[in-house]
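K.L.:
Following this line is run_39.cif, made up of mmCIF, C-alpha atoms:
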```cif
data_structure
loop_
_atom_site.label_atom_id
_atom_site.label_comp_id
_atom_site.auth_asym_id
_atom_site.auth_seq_id
_atom_site.Cartn_x
_atom_site.Cartn_y
_atom_site.Cartn_z
CA MET A 135 -35.00 -9.21 5.37
CA THR A 136 -33.07 -9.45 8.64
CA ASN A 137 -31.24 -6.69 10.45
CA ASN A 138 -29.48 -9.26 12.59
CA LEU A 139 -26.05 -8.05 13.70
CA ASP A 140 -24.45 -11.42 12.97
CA SER A 141 -25.64 -11.18 9.36
CA ASP A 142 -24.39 -7.60 9.10
CA ILE A 143 -20.96 -8.67 10.32
CA ARG A 144 -20.86 -11.63 7.95
CA PHE A 145 -21.75 -9.57 4.88
CA MET A 146 -19.42 -6.72 5.85
CA GLN A 147 -16.58 -9.20 6.20
CA ARG A 148 -17.37 -10.31 2.66
CA CYS A 149 -17.07 -6.65 1.60
CA ILE A 150 -13.61 -6.47 3.18
CA ASP A 151 -12.53 -9.70 1.50
CA LEU A 152 -13.68 -8.39 -1.88
CA ALA A 153 -12.06 -5.00 -1.34
CA GLN A 154 -8.66 -6.59 -0.79
CA LEU A 155 -8.76 -7.94 -4.35
CA GLY A 156 -8.07 -4.36 -5.46
CA SER A 157 -4.80 -4.18 -3.53
CA GLY A 158 -2.05 -2.71 -5.68
CA TYR A 159 -4.42 -1.49 -8.39
CA VAL A 160 -6.66 1.23 -6.93
CA ALA A 161 -4.23 3.55 -5.12
CA PRO A 162 -4.42 6.40 -4.34
CA ASN A 163 -8.13 5.54 -4.14
CA PRO A 164 -9.31 3.39 -1.22
CA MET A 165 -10.04 -0.32 -1.52
CA VAL A 166 -13.80 -0.85 -1.32
CA GLY A 167 -16.08 -3.88 -1.50
CA ALA A 168 -19.88 -3.99 -1.87
CA VAL A 169 -22.38 -6.80 -1.33
CA ILE A 170 -26.11 -6.73 -2.18
CA VAL A 171 -28.34 -8.90 0.00
CA LEU A 172 -32.00 -9.87 -0.30
CA ASN A 173 -33.71 -12.21 2.18
CA ASP A 174 -30.35 -12.90 3.82
CA GLU A 175 -28.84 -14.12 0.52
CA ILE A 176 -26.22 -12.41 -1.63
CA ILE A 177 -27.68 -11.45 -5.02
CA GLY A 178 -24.81 -9.25 -6.20
CA GLU A 179 -21.31 -8.16 -5.25
CA GLY A 180 -18.34 -6.21 -6.55
CA TYR A 181 -15.24 -4.24 -5.64
CA HIS A 182 -13.23 -1.28 -6.87
CA GLN A 183 -10.89 -2.96 -9.33
CA LYS A 184 -8.72 -0.21 -10.80
CA TYR A 185 -8.01 3.46 -10.18
CA GLY A 186 -10.19 5.68 -12.34
CA GLU A 187 -12.68 2.93 -13.11
CA ALA A 188 -16.07 2.00 -11.65
CA HIS A 189 -16.51 1.96 -7.88
CA ALA A 190 -17.55 -1.08 -5.85
CA GLU A 191 -21.24 -0.10 -5.68
CA VAL A 192 -21.47 0.21 -9.48
CA ASN A 193 -19.79 -3.16 -10.04
CA ALA A 194 -22.05 -4.84 -7.47
CA ILE A 195 -25.25 -3.40 -9.00
CA ASN A 196 -24.12 -4.46 -12.47
CA THR A 197 -24.05 -8.11 -11.34
CA VAL A 198 -27.79 -8.03 -10.53
CA GLU A 199 -29.81 -8.85 -13.63
CA ASP A 200 -33.24 -7.88 -12.28
CA LYS A 201 -32.73 -4.33 -10.99
CA SER A 202 -36.31 -4.21 -9.66
CA ARG A 203 -35.14 -6.41 -6.76
CA LEU A 204 -32.82 -3.67 -5.50
CA SER A 205 -35.64 -1.63 -3.92
CA GLU A 206 -36.17 -4.45 -1.41
CA ALA A 207 -32.47 -5.17 -0.89
CA THR A 208 -29.70 -4.10 1.46
CA ILE A 209 -26.33 -3.04 0.11
CA TYR A 210 -23.26 -3.42 2.32
CA VAL A 211 -20.30 -1.15 1.56
CA SER A 212 -16.99 -1.14 3.45
CA LEU A 213 -16.58 2.66 2.98
CA GLU A 214 -19.13 5.46 2.86
CA PRO A 215 -20.43 5.93 -0.71
CA CYS A 216 -19.02 9.03 -2.39
CA ALA A 217 -21.26 12.06 -2.80
CA HIS A 218 -19.14 14.10 -5.25
CA HIS A 219 -18.25 14.00 -8.91
CA GLY A 220 -14.68 12.71 -9.33
CA LYS A 221 -13.51 10.37 -12.06
CA THR A 222 -16.92 8.68 -11.68
CA PRO A 223 -20.41 9.97 -10.69
CA PRO A 224 -21.52 9.95 -7.02
CA CYS A 225 -22.30 6.45 -5.76
CA ALA A 226 -24.72 7.83 -3.15
CA ASP A 227 -26.91 9.16 -5.98
CA LEU A 228 -26.80 5.75 -7.67
CA LEU A 229 -28.05 4.01 -4.51
CA VAL A 230 -30.83 6.58 -4.18
CA ALA A 231 -31.81 6.10 -7.83
CA HIS A 232 -32.23 2.36 -7.28
CA GLU A 233 -34.19 3.02 -4.05
CA PHE A 234 -32.29 0.57 -1.86
CA LYS A 235 -34.21 -0.27 1.29
CA ARG A 236 -31.13 -0.22 3.51
CA VAL A 237 -27.45 0.71 3.28
CA VAL A 238 -24.90 -0.68 5.76
CA ILE A 239 -21.57 1.17 5.86
CA GLY A 240 -18.35 -0.04 7.45
CA CYS A 241 -16.76 3.34 8.13
CA VAL A 242 -17.13 7.01 7.27
CA ASP A 243 -14.88 8.46 4.55
CA SER A 244 -12.79 11.25 6.13
CA ASN A 245 -12.20 12.84 2.73
CA GLU A 246 -13.70 16.32 3.12
CA LEU A 247 -15.46 15.84 -0.23
CA VAL A 248 -17.41 12.96 1.34
CA ALA A 249 -17.14 12.98 5.18
CA GLY A 250 -20.77 12.23 6.01
CA LYS A 251 -22.27 13.80 2.90
CA GLY A 252 -22.90 10.37 1.34
CA ILE A 253 -24.73 9.21 4.46
CA GLU A 254 -26.73 12.44 4.58
CA ARG A 255 -27.74 12.06 0.92
CA LEU A 256 -29.03 8.52 1.57
CA GLN A 257 -30.96 9.49 4.70
CA GLU A 258 -32.55 12.48 2.97
CA ALA A 259 -33.90 10.02 0.39
CA GLY A 260 -35.55 7.98 3.16
CA ILE A 261 -33.11 5.07 3.03
CA GLU A 262 -32.32 3.32 6.30
CA VAL A 263 -28.59 3.70 6.98
CA THR A 264 -26.46 1.74 9.47
CA VAL A 265 -22.88 2.91 10.06
CA GLY A 266 -19.96 1.30 11.89
CA VAL A 267 -20.26 -2.43 11.24
CA LEU A 268 -16.70 -3.83 11.54
CA GLU A 269 -15.58 -0.19 11.65
CA LYS A 270 -12.11 -0.92 13.03
CA GLU A 271 -11.46 -3.55 10.36
CA CYS A 272 -12.75 -1.28 7.59
CA LYS A 273 -10.52 1.58 8.73
CA SER A 274 -7.52 -0.76 8.93
CA LEU A 275 -8.25 -1.96 5.40
CA ASN A 276 -7.63 1.57 4.14
CA LYS A 277 -4.94 2.73 6.55
CA ARG A 278 -2.83 3.79 3.56
CA PHE A 279 -5.66 5.90 2.12
CA PHE A 280 -6.49 7.54 5.45
CA THR A 281 -2.83 8.31 6.21
CA TYR A 282 -2.35 9.84 2.76
CA LEU A 283 -5.55 11.85 3.19
CA ASN A 284 -5.17 13.01 6.79
CA LYS A 285 -1.38 13.31 7.19
CA GLN A 286 -0.70 14.40 3.60
CA ARG A 287 2.10 11.90 3.19
CA PRO A 288 2.39 8.28 2.05
CA TYR A 289 1.87 5.41 4.47
CA ILE A 290 5.38 4.09 5.15
CA VAL A 291 6.33 0.42 5.42
CA LEU A 292 9.98 -0.26 6.34
CA LYS A 293 11.48 -3.64 5.51
CA TRP A 294 14.86 -5.24 5.92
CA ALA A 295 16.43 -8.66 6.36
CA GLN A 296 19.16 -9.23 8.93
CA THR A 297 21.35 -12.09 10.00
CA GLN A 298 21.27 -13.88 13.32
CA ASP A 299 24.18 -11.68 14.42
CA GLY A 300 22.51 -8.43 13.36
CA TYR A 301 23.99 -7.57 9.95
CA ILE A 302 22.07 -6.35 6.91
CA ASP A 303 24.92 -6.99 4.47
CA ARG A 304 28.47 -8.30 4.27
CA PRO A 305 31.40 -5.85 4.33
CA ARG A 306 31.63 -3.96 1.03
CA GLU A 307 34.94 -3.02 -0.59
CA GLU A 308 35.47 0.58 -1.66
CA GLU A 309 35.92 -0.57 -5.24
CA ILE A 310 33.08 -2.84 -6.30
CA THR A 311 34.25 -5.64 -8.56
CA GLU A 312 31.07 -7.72 -8.51
CA ARG A 313 27.52 -6.46 -8.04
CA LYS A 314 25.39 -9.08 -6.29
CA ILE A 315 22.91 -9.51 -3.47
CA ASN A 316 24.14 -11.24 -0.33
CA TRP A 317 20.96 -13.16 0.40
CA ILE A 318 19.92 -13.50 4.04
CA SER A 319 16.39 -14.90 3.84
CA ALA A 320 15.06 -18.11 2.29
CA PRO A 321 13.85 -18.14 -1.36
CA GLU A 322 10.25 -18.55 -0.17
CA THR A 323 10.61 -15.46 2.03
CA GLN A 324 11.99 -13.53 -0.93
CA SER A 325 8.76 -14.36 -2.78
CA LEU A 326 6.80 -13.10 0.23
CA VAL A 327 8.70 -9.80 -0.03
CA HIS A 328 7.68 -9.55 -3.69
CA HIS A 329 4.05 -9.97 -2.56
CA TRP A 330 4.59 -7.14 -0.07
CA ARG A 331 5.99 -4.98 -2.84
CA SER A 332 2.89 -5.62 -4.95
CA GLN A 333 0.74 -4.06 -2.21
CA GLU A 334 2.43 -0.65 -2.40
CA PRO A 335 2.48 1.81 -5.33
CA ALA A 336 6.14 2.76 -4.72
CA ILE A 337 9.37 1.21 -3.46
CA LEU A 338 12.29 3.30 -2.18
CA VAL A 339 15.99 2.57 -1.73
CA GLY A 340 19.23 4.53 -1.45
CA TRP A 341 21.70 4.63 -4.35
CA LYS A 342 24.27 2.42 -2.62
CA THR A 343 21.75 -0.44 -2.59
CA VAL A 344 21.58 -0.11 -6.37
CA GLU A 345 25.36 0.22 -6.69
CA HIS A 346 26.03 -2.88 -4.58
CA ASP A 347 23.12 -5.18 -5.47
CA ASN A 348 21.86 -3.97 -8.87
CA PRO A 349 18.29 -5.00 -7.90
CA SER A 350 15.25 -4.96 -10.19
CA LEU A 351 12.89 -3.89 -7.37
CA THR A 352 9.98 -5.62 -9.13
CA VAL A 353 7.35 -8.23 -8.19
CA ARG A 354 8.66 -10.82 -10.67
CA GLU A 355 8.21 -13.73 -8.22
CA VAL A 356 4.45 -13.14 -7.87
CA SER A 357 1.47 -11.94 -9.87
CA GLY A 358 0.97 -8.22 -9.36
CA LYS A 359 1.80 -4.69 -10.40
CA ASN A 360 5.39 -3.43 -10.18
CA PRO A 361 5.74 -0.46 -7.83
CA LEU A 362 7.23 2.83 -8.95
CA ARG A 363 10.95 2.70 -8.09
CA VAL A 364 12.26 5.68 -6.14
CA ILE A 365 16.03 6.02 -5.66
CA ILE A 366 17.68 8.56 -3.35
CA ASP A 367 20.89 9.60 -5.12
CA SER A 368 21.87 13.15 -4.18
CA GLN A 369 24.95 13.39 -6.46
CA LEU A 370 23.76 11.00 -9.19
CA ASN A 371 26.49 8.49 -8.34
CA MET A 372 24.48 5.42 -9.30
CA PRO A 373 25.95 3.42 -12.24
CA GLN A 374 23.92 4.12 -15.38
CA ASP A 375 24.09 0.49 -16.48
CA SER A 376 21.95 -0.42 -13.44
CA THR A 377 18.80 -2.41 -14.10
CA VAL A 378 16.60 0.42 -12.79
CA TYR A 379 18.00 2.57 -15.62
CA THR A 380 17.92 0.02 -18.42
CA ASP A 381 14.87 -2.29 -18.07
CA GLY A 382 12.30 0.26 -19.27
CA ASP A 383 10.18 0.38 -16.09
CA ARG A 384 9.60 3.81 -14.57
CA THR A 385 12.16 5.03 -12.04
CA VAL A 386 12.24 8.31 -10.10
CA ILE A 387 15.62 9.52 -8.87
CA ILE A 388 15.62 12.21 -6.19
CA ASN A 389 18.84 14.22 -6.38
CA LYS A 390 20.46 17.64 -5.83
CA ILE A 391 21.69 18.12 -9.40
CA LYS A 392 18.85 18.44 -11.90
CA THR A 393 15.24 17.84 -12.89
CA GLU A 394 14.99 15.98 -16.17
CA THR A 395 13.26 13.01 -17.80
CA ILE A 396 15.34 10.56 -19.82
CA GLY A 397 13.35 7.62 -21.18
CA ASN A 398 11.93 5.70 -18.23
CA VAL A 399 13.96 7.69 -15.68
CA GLU A 400 12.59 10.86 -14.09
CA LEU A 401 15.13 12.99 -12.22
CA ILE A 402 13.67 15.27 -9.53
CA LYS A 403 15.93 17.91 -7.95
CA LEU A 404 15.65 18.85 -4.28
CA ASN A 405 17.89 21.50 -2.75
CA GLN A 406 17.72 19.67 0.56
CA ILE A 407 17.16 15.94 0.73
CA ASN A 408 15.58 14.71 3.96
CA THR A 409 12.73 12.35 4.80
CA LYS A 410 10.14 15.14 4.98
CA ASN A 411 11.07 16.55 1.56
CA ILE A 412 11.21 13.06 0.02
CA LEU A 413 7.72 12.30 1.31
CA ASP A 414 6.47 15.66 -0.02
CA VAL A 415 7.70 14.64 -3.48
CA LEU A 416 5.93 11.28 -3.24
CA TYR A 417 2.74 12.93 -2.00
CA GLY A 418 2.92 15.27 -5.00
CA LEU A 419 3.16 12.20 -7.25
CA ASN A 420 -0.08 10.83 -5.69
CA ILE A 421 1.83 7.99 -4.00
CA SER A 422 -0.35 6.83 -1.11
CA SER A 423 2.16 4.35 0.36
CA VAL A 424 5.83 3.48 0.00
CA PHE A 425 7.83 0.34 0.72
CA VAL A 426 11.26 1.39 2.04
CA GLU A 427 13.70 -1.49 1.47
CA GLY A 428 17.16 -0.13 2.09
CA GLY A 429 19.86 0.25 2.75
CA SER A 430 20.62 0.52 6.43
CA SER A 431 21.34 4.26 6.38
CA THR A 432 18.20 5.12 4.41
CA ILE A 433 15.98 3.07 6.75
CA GLN A 434 17.69 4.55 9.81
CA HIS A 435 16.85 8.09 8.62
CA PHE A 436 13.15 7.18 8.46
CA LEU A 437 13.32 5.61 11.93
CA VAL A 438 15.19 8.50 13.56
CA ASP A 439 12.91 11.11 11.98
CA GLY A 440 9.82 9.17 13.07
CA TYR A 441 8.45 8.76 9.56
CA TRP A 442 7.19 5.19 9.52
CA ASP A 443 3.93 3.32 10.12
CA GLU A 444 4.97 -0.33 9.89
CA ALA A 445 8.28 -2.19 9.96
CA ARG A 446 8.81 -5.77 8.84
CA VAL A 447 12.10 -7.23 9.97
CA ILE A 448 13.15 -10.62 8.60
CA VAL A 449 15.76 -12.52 10.60
CA GLY A 450 17.37 -15.20 8.45
CA GLN A 451 19.25 -18.30 9.51
CA HIS A 452 22.69 -17.05 8.39
CA THR A 453 25.46 -15.26 10.26
CA PHE A 454 28.00 -12.93 8.61
CA GLY A 455 30.39 -12.29 11.51
CA ASP A 456 31.06 -8.78 10.17
CA GLY A 457 29.47 -6.31 7.83
CA ILE A 458 26.93 -3.49 7.75
CA LYS A 459 24.90 -3.32 10.93
CA ALA A 460 21.13 -3.59 10.58
CA PRO A 461 18.87 -0.74 11.78
CA ARG A 462 17.71 -1.05 15.35
CA MET A 463 14.09 -1.03 16.43
CA SER A 464 13.00 0.07 19.87
CA GLY A 465 10.09 -1.60 21.60
CA ALA A 466 8.57 -5.01 21.08
CA PRO A 467 7.06 -6.23 17.81
CA SER A 468 3.28 -6.40 17.62
CA ARG A 469 3.58 -9.80 15.98
CA THR A 470 6.29 -12.40 15.37
CA TYR A 471 5.95 -15.46 13.16
CA THR A 472 8.06 -18.01 11.30
CA PHE A 473 8.05 -18.22 7.51
CA ALA A 474 10.15 -20.76 5.56
CA GLY A 475 12.51 -21.07 8.52
CA ASP A 476 13.01 -17.30 8.82
CA THR A 477 11.62 -15.20 11.67
CA VAL A 478 9.50 -12.17 10.78
CA HIS A 479 9.00 -9.39 13.34
CA HIS A 480 6.13 -7.03 12.49
CA TYR A 481 6.15 -3.62 14.19
CA VAL A 482 3.24 -1.17 14.07
CA LYS A 483 3.78 2.38 15.24
#
```
Written as structure tokens, how would this file's structure read?
P.N.:
Amino acid sequence: MTNNLDSDIRFMQRCIDLAQLGSGYVAPNPMVGAVIVLNDEIIGEGYHQKYGEAHAEVNAINTVEDKSRLSEATIYVSLEPCAHHGKTPPCADLLVAHEFKRVVIGCVDSNELVAGKGIERLQEAGIEVTVGVLEKECKSLNKRFFTYLNKQRPYIVLKWAQTQDGYIDRPREEEITERKINWISAPETQSLVHHWRSQEPAILVGWKTVEHDNPSLTVREVSGKNPLRVIIDSQLNMPQDSTVYTDGDRTVIINKIKTETIGNVELIKLNQINTKNILDVLYGLNISSVFVEGGSSTIQHFLVDGYWDEARVIVGQHTFGDGIKAPRMSGAPSRTYTFAGDTVHHYVK
């Protein structure tokens, strides 16, 4: 069995690739992948597939028919194995029970219930432990989990589409006669946005976005799990024939009027509605990340208050000439690319 760094990197990258298959299904748990290697060949692998169900290490071990081989094998795990009883037993104890020869860990779990205790448990059992292979990549994989854990708020992704001349929407009349979306981006880019939605457990908009556009806020264009819809509507002005009221999917409405549950709609009252209080509500609902899609005023509040981690700005090929001005970002994007003729600027705080 080799301890070659190139092999360690290769197998840890496989862990990361596997872990990403759990995107959208494991939150607020972290995404984790595990690979079991003997004589430089993979003999088992798995990932955490769904919140509350078996962890990556368990799924990987279950793919190995002859468990006697595990005592001579190395297991690669993108995140430190847990050492506490949660919804499942401690994975560190499982690795000890199977007497793995070596455990390679991508990054330490900063959860105080783990935070080195898993590594300590393995070392006490005489297992060789290597920590920090592709550490930066493994931490980035679970940036949502670590933000939720360490900052006690959801990881925040802002998104909007704007025209070539800087508008997020056409002018809106005071009296709305027709509720429709004024599309800015290409249809293919709209499908990309649905993929982005599928990666987050919640999506948030202001009530005027619902009043004007009557959106579904789902991932209907792609395969994935619909996020929880969160609407900011202080005075409960949103039309009750809106899709978010009537389609049966769960919707949370943060308001100043009342706390009540009516069918699929959960009303949560806040005496003061601001970004900090909104995020406290989401944190209390175990929401580890939120996709903030609009409108301009809602996004601007998050920007001004400094509550954001990523921003994805789509610049379409249209011009409106007049309308609602798009939010303004300061600084240069970390990445810019073209997708279906649209330009996407990706900002990272």
K.L.:
Taking the file above as input, evaluate the PyMOL selection byres ((chain A and resi 299) around 12) and report the hits as a CSV table (one decimal) with C-alpha atoms, in the coordinates of the input.
P.N.:
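Below you can see part12.csv, which holds the result:
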```csv
chain,number,residue,atom,x,y,z
A,295,ALA,CA,16.4,-8.7,6.4
A,296,GLN,CA,19.2,-9.2,8.9
A,297,THR,CA,21.4,-12.1,10.0
A,298,GLN,CA,21.3,-13.9,13.3
A,300,GLY,CA,22.5,-8.4,13.4
A,301,TYR,CA,24.0,-7.6,10.0
A,302,ILE,CA,22.1,-6.4,6.9
A,303,ASP,CA,24.9,-7.0,4.5
A,304,ARG,CA,28.5,-8.3,4.3
A,318,ILE,CA,19.9,-13.5,4.0
A,449,VAL,CA,15.8,-12.5,10.6
A,450,GLY,CA,17.4,-15.2,8.4
A,451,GLN,CA,19.2,-18.3,9.5
A,452,HIS,CA,22.7,-17.0,8.4
A,453,THR,CA,25.5,-15.3,10.3
A,454,PHE,CA,28.0,-12.9,8.6
A,455,GLY,CA,30.4,-12.3,11.5
A,456,ASP,CA,31.1,-8.8,10.2
A,457,GLY,CA,29.5,-6.3,7.8
A,458,ILE,CA,26.9,-3.5,7.8
A,459,LYS,CA,24.9,-3.3,10.9
A,460,ALA,CA,21.1,-3.6,10.6
```
K.L.:
Distance atom CA of A:Asp347-atom CA of A:Thr380, one decimal place?
P.N.:
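So the two atoms, atom CA of A:Asp347 and atom CA of A:Thr380, lie 14.9 Å apart.
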K.L.:
From the list A:Val399, A:Leu351, A:Leu370, A:Ala320, which residue is nearest A:Phe473 when using only C-alpha atoms?
P.N.:
A:Ala320
K.L.:
Give me the result of the PyMOL selection byres ((chain A and resi 267-275) around 8) on this file, residue by residue, as a list in words.
P.N.:
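Answer for the PyMOL selection byres ((chain A and resi 267-275) around 8): Asp142, Ile143, Met146, Gln147, Ile150, Gln154, Met165, Ser212, Leu213, Val238, Ile239, Gly240, Cys241, Thr264, Val265, Gly266, Asn276, Lys277 and Phe280 of chain A.
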K.L.:
Any idea what's packed within 8 Å of A:Lys184, counting all atoms listed in the file, ignoring anything in its chain fewer than 6 positions away? Could you give it as a PDB file with C-alpha atoms, in the coordinates of the input?
P.N.:
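Wrote it out as result21.pdb, contents follow:
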```
ATOM      1  CA  GLY A 156      -8.070  -4.360  -5.460  1.00  0.00           C
ATOM      2  CA  TYR A 159      -4.420  -1.490  -8.390  1.00  0.00           C
ATOM      3  CA  VAL A 160      -6.660   1.230  -6.930  1.00  0.00           C
TER       4      VAL A 160
END
```
K.L.:
If the PyMOL selection byres ((chain A and resi 350) around 8) is run on the structure shown, which residues does it catch, given as a list in words?
P.N.:
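This file gives the following for the PyMOL selection byres ((chain A and resi 350) around 8): Asn348, Pro349, Leu351, Thr352, Thr377 and Val378 of chain A.
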K.L.:
Hey, can you check how far atom CA of A:Glu214 sits from atom CA of A:Leu228?
P.N.:
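About the pair atom CA of A:Glu214 and atom CA of A:Leu228: they are 13.0 Å apart.
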K.L.:
Could you write out as JSON the box around stretch 142-159 of chain A (axis-aligned, all atoms listed in the file, 3 Å on each side), with centre and edge lengths in Å to one decimal?
P.N.:
```
{"center_x": -13.2, "center_y": -6.6, "center_z": 1.0, "size_x": 28.3, "size_y": 16.1, "size_z": 24.7}
```
K.L.:
Grab the atom CA of A:Glu312 to atom CA of A:Glu345 distance for me, in Å with one decimal place.
P.N.:
9.9 Å
K.L.:
Hey, which of A:Ile366, A:Val169, A:Ala207, A:Val248 ends up closest to A:Pro224? Count all atoms listed in the file.
P.N.:
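Of all the options, A:Val248 lies closest to A:Pro224.
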K.L.:
From the set A:Ile253, A:Val344, A:Val291, A:Cys225, which residue has the shortest atom-to-atom contact distance to A:Pro373, counting all atoms listed in the file?
P.N.:
A:Val344
K.L.:
Looking at A:Gln406, A:Thr393, A:Ser157, A:Asn193, which one is nearest to A:Pro335, with distances taken over all atoms listed in the file?
P.N.:
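Looking at the shortest contact to A:Pro335, the residue is A:Ser157.
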K.L.:
Give as a list in words each residue that has an atom at most 9 Å from (-24.2, -2.0, -9.2) in the file, counting all atoms listed in the file.
P.N.:
Ala168, Ile170, Gly178, Glu179, Gly180, His189, Ala190, Glu191, Val192, Asn193, Ala194, Ile195, Asn196, Thr197, Val198, Leu228 and Leu229 of chain A
K.L.:
Hey, what's within 8 Å of A:Val478 if we count only C-alpha atoms and toss same-chain stuff fewer than 4 positions away? As a ChimeraX atom specification, please?
P.N.:
/A:446-449,470-473
K.L.:
So which one's closest to A:Gly252, A:Ala217, A:Ala231, A:Ile209, A:Ile365? Using all atoms listed in the file, please.
P.N.:
A:Ala217
K.L.:
Would you kindly return, as a VMD selection string, each protein, DNA or RNA residue with an atom no farther than 12 Å from any atom of A:Glu258, considering all atoms listed in the file and excluding same-chain residues fewer than 5 positions away?
P.N.:
chain A and resid 226 to 227 230 233 251 to 253 263
K.L.:
Excluding A:Val353 and any residue of its chain fewer than 2 positions from it, enumerate the residues within 10 Å of it, using all atoms listed in the file, and give them as a VMD selection string.
P.N.:
chain A and resid 325 to 333 350 to 351 355 to 361
K.L.:
Pick out the closest residue to A:Ala445 from this set: A:Thr395, A:Trp294, A:Tyr289, A:Asp381. Count all atoms listed in the file.
P.N.:
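Using all atoms listed in the file, the shortest distance to A:Ala445 belongs to A:Trp294.
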K.L.:
Because the input lacks atoms here, generate all heavy atoms for stretch 180-186 of chain A and report them as a compact mmCIF listing (two decimals), keeping the file's coordinate frame.
P.N.:
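As written to disk, rebuild_39.txt reads:
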```txt
# COMPACT_ATOMS: atom_id res chain seq x y z
N GLY A 180 -19.39 -6.78 -5.71
CA GLY A 180 -18.34 -6.21 -6.55
C GLY A 180 -17.33 -5.46 -5.71
O GLY A 180 -17.51 -5.29 -4.49
N TYR A 181 -16.27 -5.01 -6.35
CA TYR A 181 -15.24 -4.24 -5.64
C TYR A 181 -14.61 -3.25 -6.61
O TYR A 181 -14.74 -3.37 -7.83
CB TYR A 181 -14.18 -5.16 -5.02
CG TYR A 181 -13.35 -5.94 -6.04
CD1 TYR A 181 -12.10 -5.48 -6.44
CD2 TYR A 181 -13.82 -7.14 -6.58
CE1 TYR A 181 -11.33 -6.19 -7.37
CE2 TYR A 181 -13.06 -7.85 -7.51
CZ TYR A 181 -11.82 -7.37 -7.89
OH TYR A 181 -11.07 -8.06 -8.81
N HIS A 182 -13.95 -2.26 -6.05
CA HIS A 182 -13.23 -1.28 -6.87
C HIS A 182 -11.98 -1.97 -7.41
O HIS A 182 -11.11 -2.37 -6.65
CB HIS A 182 -12.87 -0.06 -6.02
CG HIS A 182 -12.22 1.06 -6.77
ND1 HIS A 182 -12.48 1.31 -8.10
CD2 HIS A 182 -11.32 1.99 -6.38
CE1 HIS A 182 -11.77 2.37 -8.49
NE2 HIS A 182 -11.05 2.78 -7.47
N GLN A 183 -11.92 -2.12 -8.72
CA GLN A 183 -10.89 -2.96 -9.33
C GLN A 183 -9.66 -2.20 -9.79
O GLN A 183 -8.55 -2.72 -9.77
CB GLN A 183 -11.48 -3.73 -10.51
CG GLN A 183 -12.59 -4.67 -10.11
CD GLN A 183 -13.20 -5.41 -11.30
OE1 GLN A 183 -12.65 -5.41 -12.40
NE2 GLN A 183 -14.33 -6.05 -11.09
N LYS A 184 -9.85 -0.95 -10.24
CA LYS A 184 -8.72 -0.21 -10.80
C LYS A 184 -8.97 1.29 -10.67
O LYS A 184 -10.09 1.75 -10.87
CB LYS A 184 -8.54 -0.59 -12.28
CG LYS A 184 -7.27 -0.03 -12.92
CD LYS A 184 -7.12 -0.55 -14.34
CE LYS A 184 -5.85 0.01 -14.98
NZ LYS A 184 -5.70 -0.46 -16.39
N TYR A 185 -7.91 2.01 -10.34
CA TYR A 185 -8.01 3.46 -10.18
C TYR A 185 -8.59 4.10 -11.43
O TYR A 185 -8.17 3.81 -12.55
CB TYR A 185 -6.63 4.05 -9.90
CG TYR A 185 -6.60 5.56 -9.83
CD1 TYR A 185 -7.19 6.23 -8.76
CD2 TYR A 185 -6.02 6.31 -10.85
CE1 TYR A 185 -7.19 7.61 -8.70
CE2 TYR A 185 -6.00 7.70 -10.79
CZ TYR A 185 -6.59 8.35 -9.71
OH TYR A 185 -6.59 9.71 -9.66
N GLY A 186 -9.58 4.98 -11.23
CA GLY A 186 -10.19 5.68 -12.34
C GLY A 186 -11.37 4.96 -12.96
O GLY A 186 -12.08 5.54 -13.78
```
